[in-house]
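Data file: structure-v7.txt. Format and content: compact mmCIF, N, CA and C atoms.
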# COMPACT_ATOMS: atom_id res chain seq x y z
N MET A 1 16.65 12.60 22.58
CA MET A 1 15.40 13.05 21.99
C MET A 1 14.80 11.90 21.17
N THR A 2 13.53 11.61 21.39
CA THR A 2 12.85 10.54 20.67
C THR A 2 12.45 11.02 19.27
N PRO A 3 12.82 10.25 18.23
CA PRO A 3 12.41 10.65 16.87
C PRO A 3 10.88 10.63 16.76
N ARG A 4 10.33 11.65 16.11
CA ARG A 4 8.87 11.76 15.95
C ARG A 4 8.50 11.45 14.51
N ILE A 5 7.51 10.60 14.32
CA ILE A 5 7.05 10.15 13.01
C ILE A 5 5.62 10.65 12.78
N ALA A 6 5.35 11.20 11.60
CA ALA A 6 3.97 11.50 11.18
C ALA A 6 3.52 10.32 10.34
N LEU A 7 2.50 9.64 10.78
CA LEU A 7 2.02 8.42 10.13
C LEU A 7 0.69 8.69 9.42
N PHE A 8 0.70 8.60 8.12
CA PHE A 8 -0.50 8.78 7.30
C PHE A 8 -0.85 7.43 6.69
N ARG A 9 -1.88 6.78 7.21
CA ARG A 9 -2.31 5.49 6.71
C ARG A 9 -3.83 5.43 6.76
N ALA A 10 -4.38 4.44 6.10
CA ALA A 10 -5.82 4.23 6.18
C ALA A 10 -6.20 3.97 7.64
N ARG A 11 -7.36 4.43 8.02
CA ARG A 11 -7.82 4.33 9.40
C ARG A 11 -7.68 2.91 9.95
N GLU A 12 -8.04 1.90 9.17
CA GLU A 12 -8.00 0.52 9.65
C GLU A 12 -6.57 -0.02 9.79
N ASP A 13 -5.61 0.63 9.19
CA ASP A 13 -4.21 0.19 9.25
C ASP A 13 -3.36 1.03 10.19
N ALA A 14 -3.78 2.24 10.49
CA ALA A 14 -2.94 3.20 11.20
C ALA A 14 -2.61 2.78 12.63
N ALA A 15 -3.56 2.26 13.37
CA ALA A 15 -3.32 1.93 14.78
C ALA A 15 -2.25 0.86 14.92
N GLY A 16 -2.31 -0.17 14.10
CA GLY A 16 -1.30 -1.23 14.17
C GLY A 16 0.08 -0.74 13.81
N SER A 17 0.16 0.08 12.77
CA SER A 17 1.46 0.64 12.37
C SER A 17 2.01 1.55 13.45
N ALA A 18 1.16 2.35 14.06
CA ALA A 18 1.60 3.25 15.12
C ALA A 18 2.14 2.44 16.31
N ALA A 19 1.47 1.37 16.66
CA ALA A 19 1.92 0.53 17.78
C ALA A 19 3.29 -0.08 17.48
N ARG A 20 3.48 -0.56 16.26
CA ARG A 20 4.79 -1.14 15.89
C ARG A 20 5.89 -0.09 15.95
N LEU A 21 5.61 1.11 15.47
CA LEU A 21 6.61 2.18 15.50
C LEU A 21 6.94 2.58 16.95
N ARG A 22 5.93 2.62 17.81
CA ARG A 22 6.18 2.95 19.22
C ARG A 22 7.06 1.89 19.88
N ARG A 23 6.81 0.61 19.56
CA ARG A 23 7.65 -0.46 20.11
C ARG A 23 9.10 -0.32 19.66
N LEU A 24 9.31 0.29 18.50
CA LEU A 24 10.66 0.51 17.99
C LEU A 24 11.30 1.79 18.56
N GLY A 25 10.55 2.51 19.40
CA GLY A 25 11.11 3.67 20.08
C GLY A 25 10.77 5.02 19.48
N PHE A 26 9.84 5.06 18.56
CA PHE A 26 9.46 6.32 17.94
C PHE A 26 8.25 6.93 18.66
N SER A 27 8.15 8.24 18.60
CA SER A 27 6.95 8.95 19.00
C SER A 27 6.14 9.14 17.73
N VAL A 28 4.85 8.79 17.78
CA VAL A 28 4.05 8.76 16.55
C VAL A 28 2.91 9.76 16.61
N ALA A 29 2.82 10.62 15.58
CA ALA A 29 1.64 11.45 15.36
C ALA A 29 0.77 10.66 14.40
N HIS A 30 -0.28 10.09 14.94
CA HIS A 30 -1.15 9.16 14.23
C HIS A 30 -2.24 9.97 13.51
N LEU A 31 -2.14 10.07 12.19
CA LEU A 31 -3.05 10.89 11.40
C LEU A 31 -3.73 10.02 10.36
N PRO A 32 -4.78 9.28 10.75
CA PRO A 32 -5.40 8.34 9.82
C PRO A 32 -6.08 9.05 8.65
N VAL A 33 -6.00 8.40 7.52
CA VAL A 33 -6.67 8.88 6.31
C VAL A 33 -8.16 8.58 6.48
N ILE A 34 -9.00 9.45 5.97
CA ILE A 34 -10.44 9.28 6.14
C ILE A 34 -11.00 8.19 5.22
N GLU A 35 -10.56 8.17 3.95
CA GLU A 35 -11.13 7.22 3.00
C GLU A 35 -10.09 6.83 1.96
N ILE A 36 -10.07 5.55 1.63
CA ILE A 36 -9.25 5.04 0.54
C ILE A 36 -10.20 4.64 -0.57
N ALA A 37 -10.01 5.18 -1.76
CA ALA A 37 -10.88 4.85 -2.89
C ALA A 37 -10.04 4.80 -4.16
N PRO A 38 -10.27 3.81 -5.00
CA PRO A 38 -9.52 3.73 -6.25
C PRO A 38 -9.90 4.87 -7.19
N LEU A 39 -8.92 5.35 -7.92
CA LEU A 39 -9.15 6.37 -8.93
C LEU A 39 -9.22 5.72 -10.30
N PRO A 40 -9.93 6.32 -11.24
CA PRO A 40 -9.94 5.78 -12.60
C PRO A 40 -8.51 5.74 -13.13
N PHE A 41 -8.18 4.66 -13.81
CA PHE A 41 -6.81 4.50 -14.29
C PHE A 41 -6.82 3.88 -15.67
N ALA A 42 -6.11 4.50 -16.58
CA ALA A 42 -5.91 3.94 -17.92
C ALA A 42 -4.41 3.92 -18.18
N PRO A 43 -3.81 2.73 -18.32
CA PRO A 43 -2.37 2.66 -18.56
C PRO A 43 -1.96 3.47 -19.79
N THR A 44 -0.80 4.10 -19.71
CA THR A 44 -0.30 4.88 -20.85
C THR A 44 0.48 4.03 -21.83
N LYS A 45 0.79 2.81 -21.43
CA LYS A 45 1.50 1.88 -22.32
C LYS A 45 0.77 0.54 -22.29
N GLU A 46 0.97 -0.26 -23.32
CA GLU A 46 0.37 -1.60 -23.33
C GLU A 46 1.15 -2.55 -22.44
N ARG A 47 2.45 -2.31 -22.31
CA ARG A 47 3.29 -3.21 -21.53
C ARG A 47 4.33 -2.41 -20.74
N TYR A 48 4.58 -2.87 -19.52
CA TYR A 48 5.60 -2.26 -18.67
C TYR A 48 6.68 -3.31 -18.38
N ASP A 49 7.86 -2.86 -18.03
CA ASP A 49 8.94 -3.78 -17.68
C ASP A 49 8.72 -4.42 -16.32
N ALA A 50 8.02 -3.73 -15.44
CA ALA A 50 7.71 -4.25 -14.11
C ALA A 50 6.58 -3.43 -13.51
N VAL A 51 5.88 -4.03 -12.55
CA VAL A 51 4.83 -3.35 -11.80
C VAL A 51 5.19 -3.50 -10.32
N VAL A 52 5.07 -2.41 -9.55
CA VAL A 52 5.39 -2.42 -8.12
C VAL A 52 4.13 -2.04 -7.35
N ALA A 53 3.77 -2.85 -6.36
CA ALA A 53 2.65 -2.56 -5.47
C ALA A 53 3.19 -2.47 -4.05
N THR A 54 2.97 -1.35 -3.39
CA THR A 54 3.46 -1.17 -2.02
C THR A 54 2.37 -1.33 -0.97
N SER A 55 1.17 -1.64 -1.41
CA SER A 55 0.05 -1.81 -0.48
C SER A 55 -0.97 -2.73 -1.12
N ALA A 56 -1.69 -3.48 -0.29
CA ALA A 56 -2.78 -4.32 -0.79
C ALA A 56 -3.86 -3.46 -1.45
N LYS A 57 -3.92 -2.20 -1.07
CA LYS A 57 -4.92 -1.30 -1.65
C LYS A 57 -4.64 -1.02 -3.12
N ALA A 58 -3.47 -1.38 -3.60
CA ALA A 58 -3.17 -1.22 -5.03
C ALA A 58 -4.10 -2.07 -5.89
N PHE A 59 -4.74 -3.06 -5.27
CA PHE A 59 -5.59 -3.98 -6.02
C PHE A 59 -7.08 -3.73 -5.79
N LEU A 60 -7.44 -2.56 -5.27
CA LEU A 60 -8.85 -2.22 -5.06
C LEU A 60 -9.58 -1.99 -6.37
N SER A 61 -8.90 -1.49 -7.34
CA SER A 61 -9.51 -1.11 -8.61
C SER A 61 -9.61 -2.31 -9.55
N ASP A 62 -10.48 -2.20 -10.51
CA ASP A 62 -10.57 -3.20 -11.57
C ASP A 62 -9.82 -2.75 -12.81
N ALA A 63 -8.81 -1.91 -12.61
CA ALA A 63 -8.02 -1.40 -13.73
C ALA A 63 -7.36 -2.57 -14.47
N PRO A 64 -7.14 -2.41 -15.76
CA PRO A 64 -6.49 -3.48 -16.52
C PRO A 64 -5.10 -3.77 -15.97
N LEU A 65 -4.72 -5.04 -15.98
CA LEU A 65 -3.42 -5.45 -15.48
C LEU A 65 -2.52 -5.91 -16.61
N ASP A 66 -1.24 -5.59 -16.51
CA ASP A 66 -0.25 -6.09 -17.44
C ASP A 66 0.28 -7.39 -16.86
N ARG A 67 -0.33 -8.49 -17.22
CA ARG A 67 0.05 -9.78 -16.65
C ARG A 67 1.38 -10.31 -17.18
N ALA A 68 1.90 -9.70 -18.24
CA ALA A 68 3.18 -10.14 -18.79
C ALA A 68 4.36 -9.54 -18.00
N ALA A 69 4.13 -8.44 -17.31
CA ALA A 69 5.20 -7.79 -16.55
C ALA A 69 5.34 -8.44 -15.18
N PRO A 70 6.57 -8.57 -14.66
CA PRO A 70 6.72 -9.10 -13.31
C PRO A 70 6.13 -8.14 -12.28
N LEU A 71 5.51 -8.70 -11.25
CA LEU A 71 4.92 -7.92 -10.18
C LEU A 71 5.81 -8.02 -8.95
N PHE A 72 6.24 -6.89 -8.42
CA PHE A 72 7.01 -6.83 -7.19
C PHE A 72 6.13 -6.19 -6.13
N VAL A 73 6.09 -6.81 -4.94
CA VAL A 73 5.21 -6.31 -3.88
C VAL A 73 5.98 -6.08 -2.61
N VAL A 74 5.43 -5.24 -1.74
CA VAL A 74 5.99 -4.98 -0.42
C VAL A 74 5.02 -5.56 0.60
N GLY A 75 5.41 -6.61 1.28
CA GLY A 75 4.60 -7.19 2.35
C GLY A 75 3.77 -8.38 1.93
N ALA A 76 3.50 -9.22 2.93
CA ALA A 76 2.75 -10.46 2.69
C ALA A 76 1.30 -10.19 2.29
N ARG A 77 0.67 -9.21 2.92
CA ARG A 77 -0.74 -8.92 2.59
C ARG A 77 -0.86 -8.42 1.15
N THR A 78 0.09 -7.60 0.73
CA THR A 78 0.08 -7.11 -0.65
C THR A 78 0.28 -8.29 -1.61
N ALA A 79 1.17 -9.21 -1.26
CA ALA A 79 1.40 -10.38 -2.10
C ALA A 79 0.13 -11.23 -2.21
N ARG A 80 -0.57 -11.43 -1.11
CA ARG A 80 -1.81 -12.22 -1.15
C ARG A 80 -2.85 -11.56 -2.05
N GLU A 81 -3.01 -10.23 -1.94
CA GLU A 81 -3.97 -9.52 -2.78
C GLU A 81 -3.58 -9.60 -4.25
N GLY A 82 -2.29 -9.49 -4.54
CA GLY A 82 -1.81 -9.61 -5.91
C GLY A 82 -2.09 -10.99 -6.48
N GLU A 83 -1.86 -12.02 -5.68
CA GLU A 83 -2.14 -13.39 -6.13
C GLU A 83 -3.64 -13.59 -6.36
N ALA A 84 -4.45 -13.04 -5.47
CA ALA A 84 -5.90 -13.18 -5.60
C ALA A 84 -6.40 -12.48 -6.87
N ARG A 85 -5.74 -11.38 -7.24
CA ARG A 85 -6.13 -10.64 -8.44
C ARG A 85 -5.62 -11.30 -9.71
N GLY A 86 -4.66 -12.20 -9.55
CA GLY A 86 -4.16 -12.95 -10.72
C GLY A 86 -2.91 -12.37 -11.28

In structure tokens, write the structure found in this file.
Amino acid sequence: MTPRIALFRAREDAAGSAARLRRLGFSVAHLPVIEIAPLPFAPTKERYDAVVATSAKAFLSDAPLDRAAPLFVVGARTAREGEARG
């Protein structure tokens, strides 16, 4: 039995991810998200021990950044966006 994956990603990212998963042997239910939009964000602390970004979309907002905390990212595109944001 082929494992079935439900893939929820932004429309512009979903097709590529689905293709990669199919190459790995999965059956994919491709359910693209309609819109990605940043939400208003106000940090609850002045400083965090670390910040984690799992998508380049984490940097869509102009929310204040804790530049003193180390930034950990998932993926090269996320790293590039983090570097571009400073």

For this session: May I ask which of the residues A:Lys45, A:Met1, A:Val33, A:Pro38 is the closest one to Asp13 (chain A), counting all atoms listed in the file?
Result: A:Val33

Given 3 Å on each side, where is the centre and what are the edge lengths in Å to one decimal of the axis-aligned box enclosing the listed atoms of region 75-79 of chain A, as lines of an AutoDock Vina configuration file?
center_x = 2.3
center_y = -8.9
center_z = 0.4
size_x = 12.3
size_y = 10.6
size_z = 11.1

For this session: Tell me which protein, DNA and RNA residues are within 7 Å of region 4-8 of chain A, counting only C-alpha atoms, leaving out same-chain ones fewer than 2 positions away, and put them as a ChimeraX atom specification.
Result: /A:2,26-33

Please produce a file of the residues just selected, as a PDB file, in the frame of the given file, where the atoms kept are N, CA and C atoms.
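Written out: result_34.pdb:
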ATOM      1  N   THR A   2      13.530  11.610  21.390  1.00  0.00           N
ATOM      2  CA  THR A   2      12.850  10.540  20.670  1.00  0.00           C
ATOM      3  C   THR A   2      12.450  11.020  19.270  1.00  0.00           C
ATOM      4  N   PHE A  26       9.840   5.060  18.560  1.00  0.00           N
ATOM      5  CA  PHE A  26       9.460   6.320  17.940  1.00  0.00           C
ATOM      6  C   PHE A  26       8.250   6.930  18.660  1.00  0.00           C
ATOM      7  N   SER A  27       8.150   8.240  18.600  1.00  0.00           N
ATOM      8  CA  SER A  27       6.950   8.950  19.000  1.00  0.00           C
ATOM      9  C   SER A  27       6.140   9.140  17.730  1.00  0.00           C
ATOM     10  N   VAL A  28       4.850   8.790  17.780  1.00  0.00           N
ATOM     11  CA  VAL A  28       4.050   8.760  16.550  1.00  0.00           C
ATOM     12  C   VAL A  28       2.910   9.760  16.610  1.00  0.00           C
ATOM     13  N   ALA A  29       2.820  10.620  15.580  1.00  0.00           N
ATOM     14  CA  ALA A  29       1.640  11.450  15.360  1.00  0.00           C
ATOM     15  C   ALA A  29       0.770  10.660  14.400  1.00  0.00           C
ATOM     16  N   HIS A  30      -0.280  10.090  14.940  1.00  0.00           N
ATOM     17  CA  HIS A  30      -1.150   9.160  14.230  1.00  0.00           C
ATOM     18  C   HIS A  30      -2.240   9.970  13.510  1.00  0.00           C
ATOM     19  N   LEU A  31      -2.140  10.070  12.190  1.00  0.00           N
ATOM     20  CA  LEU A  31      -3.050  10.890  11.400  1.00  0.00           C
ATOM     21  C   LEU A  31      -3.730  10.020  10.360  1.00  0.00           C
ATOM     22  N   PRO A  32      -4.780   9.280  10.750  1.00  0.00           N
ATOM     23  CA  PRO A  32      -5.400   8.340   9.820  1.00  0.00           C
ATOM     24  C   PRO A  32      -6.080   9.050   8.650  1.00  0.00           C
ATOM     25  N   VAL A  33      -6.000   8.400   7.520  1.00  0.00           N
ATOM     26  CA  VAL A  33      -6.670   8.880   6.310  1.00  0.00           C
ATOM     27  C   VAL A  33      -8.160   8.580   6.480  1.00  0.00           C
TER      28      VAL A  33
END

Problem set entry | Atom pair CA of Arg9 (chain A) / atom C of Ala76 (chain A): separation (Å) |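 A separation of 16.7 Å between them.
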
Exercise. What gap, in Å, lies between atom N of Pro3 (chain A) and atom C of Arg23 (chain A)?
Worked result: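 A separation of 11.3 Å between them.
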
Exercise. Between atom C of Phe41 (chain A) and atom N of Arg67 (chain A), what is the distance, to one decimal in Å?
Worked result: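 The value is 14.1 Å.
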
For this session: Find the residue from A:Ala68, A:Ala84, A:Gly75, A:Arg20 that sits nearest to Arg47 (chain A); use all atoms listed in the file when measuring.
Result: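 Of A:Ala68, A:Ala84, A:Gly75, A:Arg20, the one nearest Arg47 (chain A), counting all atoms listed in the file, is A:Ala68.
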
For this session: Per DSSP on the backbone, filter chain A down to the residues in helix (DSSP H, G or I) and report them as a ChimeraX atom specification.
Result: /A:11-23,56-59,76-85

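Shell of region 50-62 of chain A at 10 Å, with only C-alpha atoms counted and residues fewer than 6 places along the chain excluded, is A:Ala10, A:Ile36, A:Ala37, A:Pro38, A:Leu39, A:Pro40, A:Phe41, A:Ala68, A:Ala69, A:Pro70, A:Leu71, A:Phe72, A:Val73, A:Val74, A:Gly75, A:Ala76, A:Arg77, A:Thr78, A:Ala79, A:Arg80, A:Glu81, A:Gly82, A:Ala84, A:Arg85.
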
For this session: Write out as a ChimeraX atom specification all residues of chain A that backbone DSSP assigns to strand (DSSP E or B).
Result: /A:4-7,10,27-30,33,51-53,71-73
